[in-house]
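The next block is my_file27.tsv, given as TSV, C-alpha atoms.
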chain	number	residue	atom	x	y	z
A	2	MET	CA	13.32	37.95	-58.28
A	3	ALA	CA	9.57	37.87	-58.56
A	4	THR	CA	9.70	36.81	-62.19
A	5	LEU	CA	11.39	33.56	-61.22
A	6	SER	CA	8.54	32.42	-59.03
A	7	VAL	CA	6.05	32.96	-61.85
A	8	CYS	CA	6.97	29.90	-63.81
A	9	GLN	CA	7.89	27.38	-61.12
A	10	THR	CA	5.12	25.92	-59.00
A	11	GLN	CA	6.17	25.89	-55.38
A	12	LEU	CA	6.72	22.37	-54.10
A	13	GLY	CA	7.35	21.24	-50.57
A	14	GLY	CA	9.98	18.74	-49.52
A	15	PHE	CA	13.75	18.86	-49.80
A	16	SER	CA	15.28	21.85	-51.54
A	17	PHE	CA	18.65	21.42	-53.20
A	18	GLU	CA	19.36	25.12	-53.66
A	19	ASN	CA	22.36	25.29	-51.40
A	20	CYS	CA	24.15	22.14	-52.56
A	21	LYS	CA	26.41	23.92	-55.03
A	22	ARG	CA	27.21	26.62	-52.49
A	23	ASN	CA	28.04	23.97	-49.88
A	24	ALA	CA	30.35	22.16	-52.28
A	25	VAL	CA	32.22	25.41	-52.97
A	26	LEU	CA	32.40	26.19	-49.24
A	27	GLU	CA	33.79	22.78	-48.47
A	28	THR	CA	36.66	23.16	-50.95
A	29	GLU	CA	37.41	26.63	-49.58
A	30	VAL	CA	37.37	25.42	-45.99
A	31	THR	CA	39.69	22.48	-46.63
A	32	LYS	CA	42.10	24.85	-48.38
A	33	VAL	CA	42.32	26.90	-45.19
A	34	GLY	CA	42.76	23.75	-43.12
A	35	CYS	CA	39.55	23.56	-41.05
A	36	ARG	CA	36.75	21.04	-41.28
A	37	MET	CA	33.04	21.37	-41.92
A	38	PRO	CA	30.93	20.86	-38.77
A	39	ALA	CA	29.92	17.23	-38.23
A	40	ALA	CA	26.32	16.15	-37.85
A	41	ARG	CA	25.34	14.68	-34.52
A	42	LYS	CA	25.43	10.90	-34.81
A	43	THR	CA	24.24	8.41	-32.28
A	44	GLY	CA	27.35	6.10	-32.45
A	45	THR	CA	25.39	3.48	-30.62
A	46	THR	CA	24.61	-0.02	-29.77
A	47	ILE	CA	21.02	-1.03	-30.45
A	48	VAL	CA	19.73	-4.59	-30.16
A	49	GLY	CA	16.52	-6.56	-30.29
A	50	VAL	CA	15.66	-10.10	-29.28
A	51	VAL	CA	12.49	-12.19	-29.57
A	52	PHE	CA	11.57	-14.33	-26.56
A	53	LYS	CA	8.68	-16.64	-25.79
A	54	ASP	CA	5.77	-14.19	-25.50
A	55	GLY	CA	7.18	-11.01	-27.00
A	56	LEU	CA	10.35	-9.12	-27.64
A	57	VAL	CA	12.89	-6.91	-25.91
A	58	LEU	CA	14.53	-3.87	-27.51
A	59	GLY	CA	17.63	-2.35	-25.97
A	60	ALA	CA	19.77	0.73	-26.61
A	61	ASP	CA	22.57	2.73	-25.00
A	62	THR	CA	22.15	6.48	-24.44
A	63	ARG	CA	25.17	8.30	-25.84
A	64	ALA	CA	25.02	10.78	-28.76
A	65	THR	CA	28.32	11.90	-30.28
A	66	GLU	CA	29.28	14.88	-32.42
A	67	GLY	CA	32.61	14.01	-33.98
A	68	MET	CA	34.86	13.24	-31.01
A	69	ILE	CA	32.69	14.87	-28.35
A	70	VAL	CA	29.79	13.39	-26.44
A	71	ALA	CA	26.87	15.63	-27.32
A	72	ASP	CA	24.20	14.04	-25.15
A	73	LYS	CA	24.87	11.76	-22.19
A	74	ASN	CA	21.31	10.55	-21.87
A	75	CYS	CA	19.50	10.64	-25.17
A	76	SER	CA	16.55	8.41	-25.86
A	77	LYS	CA	17.05	6.08	-28.80
A	78	ILE	CA	13.95	3.93	-28.52
A	79	HIS	CA	11.24	5.77	-30.45
A	80	TYR	CA	7.51	5.25	-30.33
A	81	ILE	CA	5.90	4.18	-33.56
A	82	SER	CA	2.52	2.90	-32.41
A	83	PRO	CA	1.14	1.49	-29.13
A	84	ASN	CA	2.43	-1.98	-30.04
A	85	ILE	CA	5.50	-1.09	-32.15
A	86	TYR	CA	8.75	0.58	-31.07
A	87	CYS	CA	11.87	1.38	-33.05
A	88	CYS	CA	15.51	1.91	-32.03
A	89	GLY	CA	17.55	4.23	-34.23
A	90	ALA	CA	21.27	4.46	-35.00
A	91	GLY	CA	23.09	6.79	-37.38
A	92	THR	CA	22.45	10.50	-37.77
A	93	ALA	CA	20.29	11.51	-34.81
A	94	ALA	CA	18.05	13.94	-36.70
A	95	ASP	CA	17.42	11.45	-39.48
A	96	THR	CA	16.32	8.67	-37.13
A	97	GLU	CA	14.15	11.07	-35.14
A	98	MET	CA	12.33	12.54	-38.14
A	99	THR	CA	12.00	9.23	-39.98
A	100	THR	CA	10.43	7.48	-37.01
A	101	GLN	CA	8.09	10.40	-36.40
A	102	ILE	CA	6.93	10.46	-40.01
A	103	ILE	CA	6.34	6.71	-40.06
A	104	SER	CA	4.53	6.92	-36.74
A	105	SER	CA	2.17	9.56	-38.17
A	106	ASN	CA	1.62	7.54	-41.32
A	107	LEU	CA	0.88	4.39	-39.34
A	108	GLU	CA	-1.61	6.26	-37.19
A	109	LEU	CA	-3.44	7.55	-40.27
A	110	HIS	CA	-3.33	4.08	-41.78
A	111	SER	CA	-4.71	2.41	-38.68
A	112	LEU	CA	-7.50	4.99	-38.43
A	113	SER	CA	-8.34	4.25	-42.04
A	114	THR	CA	-8.33	0.44	-41.64
A	115	GLY	CA	-9.73	0.44	-38.10
A	116	ARG	CA	-7.20	-2.14	-36.90
A	117	LEU	CA	-4.04	-2.22	-34.83
A	118	PRO	CA	-1.11	-1.66	-37.21
A	119	ARG	CA	1.19	-4.53	-38.11
A	120	VAL	CA	4.96	-4.50	-37.85
A	121	ALA	CA	5.28	-5.56	-41.49
A	122	THR	CA	3.44	-2.38	-42.52
A	123	ALA	CA	5.86	-0.19	-40.60
A	124	ASN	CA	8.77	-2.14	-42.08
A	125	ARG	CA	7.49	-1.70	-45.64
A	126	MET	CA	6.89	2.02	-45.18
A	127	LEU	CA	10.34	2.56	-43.71
A	128	LYS	CA	12.16	0.60	-46.39
A	129	GLN	CA	10.34	2.33	-49.23
A	130	MET	CA	11.14	5.75	-47.80
A	131	LEU	CA	14.80	4.96	-47.15
A	132	PHE	CA	15.25	3.49	-50.63
A	133	ARG	CA	13.68	6.55	-52.20
A	134	TYR	CA	16.45	8.68	-50.71
A	135	GLN	CA	19.18	6.22	-51.73
A	136	GLY	CA	20.93	6.10	-48.37
A	137	HIS	CA	21.36	9.86	-48.00
A	138	ILE	CA	19.10	9.64	-44.96
A	139	GLY	CA	21.49	7.96	-42.53
A	140	ALA	CA	19.10	5.99	-40.37
A	141	ALA	CA	19.82	2.38	-39.34
A	142	LEU	CA	16.85	1.05	-37.40
A	143	VAL	CA	15.81	-1.92	-35.31
A	144	LEU	CA	12.04	-2.22	-35.55
A	145	GLY	CA	10.14	-4.49	-33.20
A	146	GLY	CA	6.54	-4.98	-32.21
A	147	MET	CA	3.73	-7.31	-31.30
A	148	ASP	CA	0.71	-7.72	-33.54
A	149	CYS	CA	-2.00	-10.29	-34.29
A	150	ASN	CA	0.58	-12.70	-35.76
A	151	GLY	CA	2.97	-12.65	-32.81
A	152	PRO	CA	6.24	-10.83	-32.13
A	153	HIS	CA	8.27	-9.54	-35.11
A	154	LEU	CA	11.76	-8.05	-35.25
A	155	TYR	CA	13.28	-6.32	-38.27
A	156	SER	CA	16.58	-4.57	-38.90
A	157	ILE	CA	16.54	-1.82	-41.52
A	158	TYR	CA	19.69	-0.43	-43.15
A	159	PRO	CA	20.08	3.15	-44.45
A	160	HIS	CA	19.87	2.13	-48.10
A	161	GLY	CA	16.58	0.35	-47.61
A	162	SER	CA	17.36	-3.34	-47.15
A	163	THR	CA	15.68	-5.19	-44.30
A	164	ASP	CA	16.15	-8.46	-42.44
A	165	LYS	CA	13.62	-10.33	-40.36
A	166	LEU	CA	15.47	-12.23	-37.64
A	167	PRO	CA	15.02	-13.49	-34.06
A	168	TYR	CA	17.91	-11.34	-32.79
A	169	VAL	CA	19.55	-8.28	-34.37
A	170	THR	CA	22.15	-5.68	-33.48
A	171	MET	CA	22.96	-2.36	-35.22
A	172	GLY	CA	25.29	0.57	-34.74
A	173	SER	CA	28.99	0.95	-34.08
A	174	GLY	CA	28.82	-1.41	-31.09
A	175	SER	CA	26.91	-4.06	-33.01
A	176	LEU	CA	29.81	-6.49	-33.24
A	177	ALA	CA	30.39	-6.51	-29.48
A	178	ALA	CA	26.68	-7.00	-28.84
A	179	MET	CA	26.35	-9.68	-31.50
A	180	ALA	CA	29.18	-11.63	-29.88
A	181	VAL	CA	27.14	-11.81	-26.66
A	182	PHE	CA	24.01	-12.85	-28.56
A	183	GLU	CA	25.74	-15.54	-30.56
A	184	ASP	CA	27.09	-17.01	-27.36
A	185	ARG	CA	23.95	-17.03	-25.22
A	186	TYR	CA	20.85	-16.79	-27.41
A	187	LYS	CA	18.34	-19.63	-27.09
A	188	GLN	CA	14.94	-19.96	-28.69
A	189	ASP	CA	11.85	-19.35	-26.50
A	190	MET	CA	13.60	-17.73	-23.54
A	191	GLU	CA	11.77	-16.38	-20.51
A	192	GLU	CA	11.29	-12.63	-20.11
A	193	GLU	CA	13.86	-12.21	-17.33
A	194	ASP	CA	16.49	-14.16	-19.27
A	195	ALA	CA	15.83	-12.07	-22.36
A	196	LYS	CA	16.16	-8.84	-20.38
A	197	ARG	CA	19.41	-10.01	-18.83
A	198	LEU	CA	20.76	-11.04	-22.23
A	199	VAL	CA	19.92	-7.67	-23.78
A	200	ARG	CA	21.41	-5.83	-20.82
A	201	ASP	CA	24.65	-7.77	-21.17
A	202	ALA	CA	24.79	-7.21	-24.92
A	203	ILE	CA	24.37	-3.44	-24.56
A	204	ALA	CA	26.92	-3.42	-21.74
A	205	ALA	CA	29.39	-5.17	-24.07
A	206	GLY	CA	28.78	-2.41	-26.63
A	207	ILE	CA	29.13	0.32	-24.01
A	208	PHE	CA	32.41	-0.90	-22.59
A	209	ASN	CA	34.06	-1.92	-25.85
A	210	ASP	CA	32.97	0.81	-28.26
A	211	LEU	CA	33.77	4.51	-28.00
A	212	GLY	CA	30.60	5.53	-29.77
A	213	SER	CA	28.32	3.96	-27.14
A	214	GLY	CA	28.10	4.78	-23.47
A	215	SER	CA	26.15	5.90	-20.42
A	216	ASN	CA	22.98	4.06	-19.50
A	217	ILE	CA	21.03	1.10	-20.84
A	218	ASP	CA	17.42	1.59	-21.93
A	219	LEU	CA	15.11	-1.36	-22.37
A	220	CYS	CA	11.69	-1.75	-23.94
A	221	VAL	CA	9.76	-4.98	-23.35
A	222	ILE	CA	6.80	-5.50	-25.70
A	223	THR	CA	4.29	-8.27	-24.97
A	224	LYS	CA	0.67	-8.75	-25.88
A	225	GLY	CA	-1.23	-5.81	-24.44
A	226	ARG	CA	1.68	-4.47	-22.37
A	227	VAL	CA	4.72	-2.32	-23.10
A	228	ASP	CA	7.38	-1.69	-20.43
A	229	TYR	CA	9.58	1.24	-21.30
A	230	LEU	CA	12.43	0.99	-18.77
A	231	ARG	CA	14.49	4.13	-18.94
A	232	PRO	CA	17.03	3.80	-17.47
A	233	HIS	CA	17.09	0.10	-16.87
A	234	ASP	CA	20.69	0.09	-15.74
A	235	MET	CA	23.16	2.90	-15.16
A	236	ALA	CA	26.35	1.23	-16.32
A	237	ASN	CA	28.48	4.38	-16.22
A	238	LYS	CA	27.79	6.52	-13.21
A	239	LYS	CA	29.64	9.80	-12.94
A	240	GLY	CA	32.04	9.81	-10.01
A	241	VAL	CA	31.15	11.63	-6.79
A	242	ARG	CA	33.60	14.21	-5.46
A	243	THR	CA	35.07	13.00	-2.17
A	244	GLY	CA	35.73	16.40	-0.60
A	245	SER	CA	34.45	19.93	-0.82
A	246	TYR	CA	36.81	22.13	-2.79
A	247	LYS	CA	35.12	25.44	-2.01
A	248	TYR	CA	37.03	27.97	0.05
A	249	LYS	CA	35.62	28.82	3.46
A	250	ARG	CA	34.23	32.30	4.09
A	251	GLY	CA	36.95	34.53	5.48
A	252	THR	CA	39.84	32.98	3.52
A	253	THR	CA	40.16	36.22	1.56
A	254	GLY	CA	40.07	39.41	3.62
A	255	VAL	CA	37.08	41.69	2.83
A	256	LEU	CA	37.97	45.41	2.46
A	257	THR	CA	34.57	47.07	1.79
A	258	LYS	CA	31.01	45.83	1.47
A	259	THR	CA	28.02	47.64	-0.10
A	260	VAL	CA	24.55	46.08	-0.31
A	261	THR	CA	22.09	47.37	-2.97
A	262	LYS	CA	18.56	46.06	-2.65
A	263	LEU	CA	16.65	45.55	-5.93
A	264	ASP	CA	12.88	45.94	-5.64
A	265	LEU	CA	11.48	43.17	-7.81
A	266	GLU	CA	8.08	41.54	-7.61
A	267	VAL	CA	7.33	38.00	-8.80
A	268	VAL	CA	4.90	38.30	-11.72
A	269	GLU	CA	4.83	34.76	-13.08
A	270	GLU	CA	6.47	31.51	-12.09
A	271	THR	CA	6.73	28.55	-14.51
A	272	ILE	CA	8.60	25.28	-14.14
A	273	GLN	CA	10.20	23.61	-17.17
A	274	THR	CA	11.88	20.26	-16.51
A	275	MET	CA	15.27	19.67	-18.09
A	276	ASP	CA	16.77	16.34	-19.00
A	277	THR	CA	19.62	16.50	-16.50
A	278	SER	CA	22.18	13.72	-16.39
B	27	MET	CA	2.67	1.02	-54.74
B	28	ASN	CA	6.22	0.29	-55.89
B	29	THR	CA	6.33	-2.06	-58.85
B	30	ARG	CA	9.34	-3.12	-60.82
B	31	GLY	CA	9.87	-3.66	-64.52
B	32	LEU	CA	8.95	-0.17	-65.63
B	33	ARG	CA	12.42	1.32	-65.61
B	34	SER	CA	12.40	2.37	-69.21
B	35	GLN	CA	9.62	4.81	-68.57
B	36	LEU	CA	11.15	6.53	-65.57
B	37	LYS	CA	12.62	9.99	-65.99
B	38	ASP	CA	15.77	9.77	-63.97
B	39	SER	CA	18.58	10.31	-66.45
B	40	VAL	CA	19.89	13.77	-67.22
B	41	PRO	CA	18.15	15.08	-70.32
B	42	VAL	CA	20.26	16.57	-73.04
B	43	THR	CA	18.49	19.91	-72.93
B	44	GLY	CA	19.55	20.50	-69.32
B	45	MET	CA	17.37	20.94	-66.29
B	46	GLY	CA	15.21	23.85	-65.28
B	47	GLN	CA	15.56	25.83	-68.46
B	48	HIS	CA	12.50	27.69	-69.48
B	49	VAL	CA	12.18	27.68	-73.20
B	50	GLY	CA	10.27	30.74	-74.33
B	51	ALA	CA	8.95	31.63	-77.72
B	52	TYR	CA	10.90	30.46	-80.77
B	53	GLY	CA	12.66	27.76	-78.70
B	54	VAL	CA	15.28	30.12	-77.26
B	55	GLN	CA	16.19	30.40	-73.58
B	56	ASP	CA	13.88	32.82	-71.82
B	57	THR	CA	16.28	35.37	-70.31
B	58	LEU	CA	13.53	37.61	-68.98
B	59	ARG	CA	12.06	34.92	-66.77
B	60	SER	CA	14.92	32.68	-65.78
B	61	GLY	CA	17.93	34.95	-65.95
B	62	PHE	CA	21.21	34.40	-67.74
B	63	SER	CA	22.13	30.83	-68.49
B	64	SER	CA	25.46	29.28	-67.64
B	65	VAL	CA	26.30	25.83	-68.94
B	66	LYS	CA	27.73	24.59	-65.65
B	67	ASN	CA	24.67	25.56	-63.65
B	68	GLU	CA	22.09	24.15	-65.95
B	69	LEU	CA	23.54	20.92	-67.28
B	70	LEU	CA	24.42	18.97	-64.15
B	71	PRO	CA	22.28	18.44	-61.06
B	72	SER	CA	23.81	19.76	-57.85
B	73	HIS	CA	22.90	16.69	-55.83
B	74	ALA	CA	22.48	13.03	-56.70
B	75	LEU	CA	18.87	13.07	-55.58
B	76	GLU	CA	17.81	16.32	-57.24
B	77	LEU	CA	16.51	14.85	-60.48
B	78	SER	CA	14.91	11.80	-58.96
B	79	GLU	CA	13.12	13.92	-56.39
B	80	LYS	CA	11.91	16.42	-58.95
B	81	ASN	CA	10.38	13.66	-61.05
B	82	PHE	CA	9.30	11.40	-58.19
B	83	GLN	CA	5.58	12.08	-58.35
B	84	LEU	CA	5.56	11.87	-62.12
B	85	ASN	CA	7.36	8.54	-62.06
B	86	GLN	CA	5.07	7.08	-59.42
B	87	ASP	CA	2.00	8.10	-61.40
B	88	LYS	CA	3.45	6.66	-64.57
B	89	MET	CA	4.19	3.33	-62.92
B	90	ASN	CA	0.76	3.14	-61.31
B	91	PHE	CA	-1.09	3.97	-64.50
B	92	SER	CA	1.01	1.54	-66.46
B	93	THR	CA	0.23	-1.27	-64.01
B	94	LEU	CA	-3.44	-0.36	-63.99
B	95	ARG	CA	-3.53	-0.43	-67.75
B	96	ASN	CA	-1.93	-3.85	-67.84
B	97	ILE	CA	-4.31	-5.29	-65.26
B	98	GLN	CA	-7.62	-3.64	-65.98
B	99	GLY	CA	-7.37	-2.31	-69.48
B	100	LEU	CA	-7.03	1.14	-70.96
B	101	HIS	CA	-10.23	2.52	-69.48
B	102	ALA	CA	-8.94	2.48	-65.88
B	103	PRO	CA	-6.07	5.00	-66.23
B	104	LEU	CA	-8.11	7.07	-68.66
B	105	LYS	CA	-10.98	7.49	-66.21
B	106	LEU	CA	-8.59	8.28	-63.36
B	107	GLN	CA	-6.69	10.85	-65.36
B	108	MET	CA	-9.93	12.49	-66.37
B	109	GLU	CA	-10.88	12.82	-62.70
B	110	TYR	CA	-7.44	14.18	-61.82
B	111	ARG	CA	-7.72	16.75	-64.56
B	112	ALA	CA	-11.10	17.89	-63.31
B	113	ALA	CA	-9.91	18.09	-59.71
B	114	ARG	CA	-6.76	19.99	-60.68
B	115	GLN	CA	-8.86	22.81	-62.04
B	116	ILE	CA	-10.38	23.55	-58.65
B	117	GLN	CA	-7.92	26.10	-57.35
B	118	ARG	CA	-7.51	29.75	-56.50
B	119	LEU	CA	-5.63	32.39	-58.43
B	120	PRO	CA	-2.02	31.41	-59.07
B	121	PHE	CA	-0.39	33.66	-56.49
B	122	LEU	CA	-2.63	32.42	-53.65
B	123	GLN	CA	-2.24	29.13	-51.85
B	124	SER	CA	-4.86	26.59	-52.90
B	125	SER	CA	-5.55	23.60	-50.73
B	126	HIS	CA	-5.85	21.03	-53.57
B	127	LEU	CA	-8.29	19.14	-51.37
B	128	ALA	CA	-10.09	17.27	-54.13
B	129	LEU	CA	-6.88	16.33	-55.90
B	130	ASP	CA	-5.28	15.14	-52.67
B	131	THR	CA	-8.26	13.00	-51.77
B	132	LEU	CA	-8.28	11.40	-55.21
B	133	LYS	CA	-4.58	10.67	-55.12
B	134	GLY	CA	-4.68	9.38	-51.56
B	135	ASN	CA	-2.36	12.07	-50.21
B	136	ASP	CA	-4.81	12.88	-47.44
B	137	GLU	CA	-3.86	9.64	-45.71
B	138	SER	CA	-0.11	10.01	-45.69
B	139	ILE	CA	2.54	12.43	-44.46
B	140	SER	CA	5.96	12.78	-46.03
B	141	PHE	CA	8.73	15.35	-46.29
B	142	GLU	CA	6.68	17.36	-48.78
B	143	ASP	CA	4.25	18.27	-46.01
B	144	ILE	CA	6.83	19.04	-43.36
B	145	LEU	CA	9.73	20.75	-45.06
B	146	ASN	CA	9.52	23.85	-47.24
B	147	ASP	CA	5.80	24.39	-46.88
B	148	PRO	CA	4.86	26.55	-49.90
B	149	ALA	CA	2.29	28.36	-47.77
B	150	GLN	CA	5.15	29.75	-45.73
B	151	SER	CA	7.61	30.63	-48.47
B	152	GLU	CA	9.38	33.96	-48.08
B	153	MET	CA	8.83	35.11	-51.63
B	154	VAL	CA	5.49	36.10	-53.10
B	155	GLY	CA	5.02	36.20	-56.83
B	156	GLU	CA	3.89	39.38	-58.48
B	157	PRO	CA	0.10	38.84	-58.89
B	158	HIS	CA	-0.36	40.54	-62.28
B	159	ILE	CA	2.52	38.74	-63.93
B	160	MET	CA	1.49	35.37	-62.52
B	161	VAL	CA	-2.08	35.68	-63.72
B	162	GLU	CA	-0.97	36.84	-67.15
B	163	TYR	CA	1.44	33.92	-67.38
B	164	LYS	CA	-1.25	31.46	-66.40
B	165	LEU	CA	-3.70	32.82	-68.93
B	166	GLY	CA	-1.04	32.67	-71.60
B	167	LEU	CA	-1.15	36.39	-72.29
B	168	MET	CA	2.51	36.87	-71.58

What would the structure in this file look like if it were written as structure tokens?
Amino acid sequence: MATLSVCQTQLGGFSFENCKRNAVLETEVTKVGCRMPAARKTGTTIVGVVFKDGLVLGADTRATEGMIVADKNCSKIHYISPNIYCCGAGTAADTEMTTQIISSNLELHSLSTGRLPRVATANRMLKQMLFRYQGHIGAALVLGGMDCNGPHLYSIYPHGSTDKLPYVTMGSGSLAAMAVFEDRYKQDMEEEDAKRLVRDAIAAGIFNDLGSGSNIDLCVITKGRVDYLRPHDMANKKGVRTGSYKYKRGTTGVLTKTVTKLDLEVVEETIQTMDTS
Amino acid sequence: MNTRGLRSQLKDSVPVTGMGQHVGAYGVQDTLRSGFSSVKNELLPSHALELSEKNFQLNQDKMNFSTLRNIQGLHAPLKLQMEYRAARQIQRLPFLQSSHLALDTLKGNDESISFEDILNDPAQSEMVGEPHIMVEYKLGLM
């Protein structure tokens, strides 16, 4: 197939070569009666609220894959720049990659201008990128940060529309969380009140929506200080077993016993931490 | 720079001749280079975004030059396109990877990262073109 690559210049970016094959596969698979594998979504409740000197972002920590919980403690509050953070709902890979790309672009931009990046810049970059892909990138984001003009909070939808508001919710649990906000939001709250309000809103999403669950993560952004509280509150703790269900030694009679010693020497020891939950 | 009002110049609609067909000499489909043609494969795009992504850079450039022409006069896009043309000629032989450093700096691509830089890096493609054929094609000998 070398003659094919003569004429076409190689371009990076998305390649649509397999789309036709996938369409054919999907019709074949539905004929047999199975389903195509589902992408991992983040179900989710994500919220943001502006208070007197800054803003608070909150998110739950459950990632679903169809009807199964894929990750009990995933991190949905992504770093964009030292003063800007972004919560992501929708397809997990899309939110992850989009926020990483925008974070890199903002870093290059701030190196080029020599200033701390503004939230409006991040918002504009995100909305232009999402509109370019016409909603095929399934990333619904809550973008919040503190810059020279004060605290700003934006919500960005997968097709590229944005809203600038004092309090926003996104995700499958957004209605439950918005109910809490509409009831108790006041302008110019104190930090502790704002944190409690966000915690209650996420808890409403966790307990009333199947797509959200596990713990509550919070991110408080004020001038010169960012508190990333993970986990802020463990709303759903796994139960502890009340008794030991292991059989005692000697329950089964032992007939024969042979011990073979393996001569091994420790060459290298490395520790890799896992995200256990 | 995303400006509106230039829709008529954007290449997003499906052209009548079909997409990706290499027209060889005498205006006939070039079977040697692009294989047999089938109407279904060539006429319709396989994904809604395929055409708009293929023409994205072209469309952006067109919009930018158009705006520049309206604001600053004809000389602005002309000068820029002359510089782009000069910078595009600085590259290696066609089958090797050239860095396009001058062109990227002129276009401002050295200050941004997008999916073109992350996915499907041409430097790491699995297929290598046949050097002789590629050079002959570039020189127009073939």

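Going from CA of Ala123 in chain A over to CA of Leu129 in chain B, you cover 25.9 Å.
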
I'd like a table as a Markdown table: residues in chain A with an atom no more than 12 Å from chain B, each row giving the shortest atom pair and its distance in Å to one decimal, only C-alpha atoms counted, sorted by chain and rising residue number.
| residue | atom | partner | partner_atom | distance |
| --- | --- | --- | --- | --- |
| A:Met2 | CA | B:Met153 | CA | 8.5 |
| A:Ala3 | CA | B:Gly155 | CA | 5.1 |
| A:Thr4 | CA | B:Arg59 | CA | 5.5 |
| A:Leu5 | CA | B:Arg59 | CA | 5.8 |
| A:Ser6 | CA | B:Gly155 | CA | 5.6 |
| A:Val7 | CA | B:Met160 | CA | 5.2 |
| A:Cys8 | CA | B:Tyr163 | CA | 7.7 |
| A:Gln9 | CA | B:Gly46 | CA | 9.1 |
| A:Thr10 | CA | B:Pro120 | CA | 9.0 |
| A:Gln11 | CA | B:Pro148 | CA | 5.7 |
| A:Leu12 | CA | B:Pro148 | CA | 6.2 |
| A:Gly13 | CA | B:Glu142 | CA | 4.3 |
| A:Gly14 | CA | B:Glu142 | CA | 3.7 |
| A:Phe15 | CA | B:Leu145 | CA | 6.5 |
| A:Ser16 | CA | B:Asn146 | CA | 7.5 |
| A:Phe17 | CA | B:Glu76 | CA | 6.6 |
| A:Glu18 | CA | B:Ser72 | CA | 8.1 |
| A:Asn19 | CA | B:Ser72 | CA | 8.6 |
| A:Cys20 | CA | B:Ser72 | CA | 5.8 |
| A:Lys21 | CA | B:Ser72 | CA | 5.7 |
| A:Arg22 | CA | B:Ser72 | CA | 9.3 |
| A:Asn23 | CA | B:Ser72 | CA | 10.0 |
| A:Ala24 | CA | B:Ser72 | CA | 8.9 |
| A:Val25 | CA | B:Ser72 | CA | 11.2 |
| A:Asp95 | CA | B:Phe141 | CA | 11.7 |
| A:Met98 | CA | B:Phe141 | CA | 9.3 |
| A:Thr99 | CA | B:Ser140 | CA | 9.3 |
| A:Thr100 | CA | B:Ser140 | CA | 11.4 |
| A:Gln101 | CA | B:Ile139 | CA | 10.0 |
| A:Ile102 | CA | B:Ser140 | CA | 6.5 |
| A:Ile103 | CA | B:Ile139 | CA | 8.2 |
| A:Ser104 | CA | B:Ile139 | CA | 9.7 |
| A:Ser105 | CA | B:Ile139 | CA | 6.9 |
| A:Asn106 | CA | B:Ser138 | CA | 5.3 |
| A:Leu107 | CA | B:Ser138 | CA | 8.5 |
| A:Glu108 | CA | B:Ser138 | CA | 9.4 |
| A:Leu109 | CA | B:Glu137 | CA | 5.8 |
| A:His110 | CA | B:Glu137 | CA | 6.8 |
| A:Ser111 | CA | B:Glu137 | CA | 10.1 |
| A:Leu112 | CA | B:Glu137 | CA | 9.4 |
| A:Ser113 | CA | B:Glu137 | CA | 7.9 |
| A:Thr114 | CA | B:Glu137 | CA | 11.0 |
| A:Arg125 | CA | B:Asn28 | CA | 10.5 |
| A:Met126 | CA | B:Met27 | CA | 10.5 |
| A:Leu127 | CA | B:Ser140 | CA | 11.4 |
| A:Lys128 | CA | B:Asn28 | CA | 11.2 |
| A:Gln129 | CA | B:Asn28 | CA | 8.1 |
| A:Met130 | CA | B:Ser140 | CA | 8.9 |
| A:Leu131 | CA | B:Ser140 | CA | 11.9 |
| A:Phe132 | CA | B:Asn28 | CA | 10.9 |
| A:Arg133 | CA | B:Glu79 | CA | 8.5 |
| A:Tyr134 | CA | B:Leu75 | CA | 7.0 |
| A:Gln135 | CA | B:Leu75 | CA | 7.9 |
| A:Gly136 | CA | B:Leu75 | CA | 10.2 |
| A:His137 | CA | B:Leu75 | CA | 8.6 |
| A:Ile138 | CA | B:Leu75 | CA | 11.2 |

Next item on the list: Choose the residue, out of A:Pro232, A:Gly34, A:Gly49, A:Gly206, that has the smallest atom-to-atom separation from Ala180 in chain A; count only C-alpha atoms.
Entry: A:Gly206

Next item on the list: Would you mind reading off the distance between CA of Asp61 in chain A and CA of Leu219 in chain A, one decimal, in Å?
Entry: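 Separation between CA of Asp61 in chain A and CA of Leu219 in chain A: 8.9 Å.
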
Next item on the list: Considering only C-alpha atoms, state which residue in the set A:Ser245, A:Val57, A:Val260, A:Gly67 is at the smallest distance from Pro38 in chain A.
Entry: A:Gly67

Item checked: Close residues, Gly59 in chain A itself excluded, 6 Å, all atoms listed in the file, min 3 positions apart in chain, as a ChimeraX atom specification -> /A:47-48,218-219

Edge lengths and centre in Å to one decimal, as AutoDock Vina command-line options, of the axis-aligned box that encloses all listed atoms of range 134-140 of chain B with 5 Å added on every side?
--center_x 0.6 --center_y 11.1 --center_z -48.0 --size_x 20.8 --size_y 13.5 --size_z 17.1

Notebook entry, point to check: When distances are computed from only C-alpha atoms, which of A:Arg119, A:His79, A:Lys187, A:Lys262 shows the smallest separation from Phe52 in chain A?
Noted result: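 Checking each candidate against Phe52 in chain A, we get A:Lys187 as the closest.
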
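One distance worth recording is that between CA of Asn216 in chain A and CA of Pro167 in chain A, which is 24.2 Å.
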
Checklist line | Shell around Thr223 in chain A at 7 Å using all atoms listed in the file, local window under 4 positions removed, as a VMD selection string | finding: chain A and resid 54 to 56 147 227

Checklist line | Shortest interatomic distance to Lys42 in chain A - which of A:Tyr186, A:Ser213, A:Arg116, A:Glu27, counting all atoms listed in the file | finding: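 Of A:Tyr186, A:Ser213, A:Arg116, A:Glu27, the one nearest Lys42 in chain A, counting all atoms listed in the file, is A:Ser213.
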
Item checked: Pick from A:Tyr246, A:Tyr86, A:Phe208, A:Tyr155, whichever lies nearest to Thr46 in chain A using only C-alpha atoms -> A:Phe208
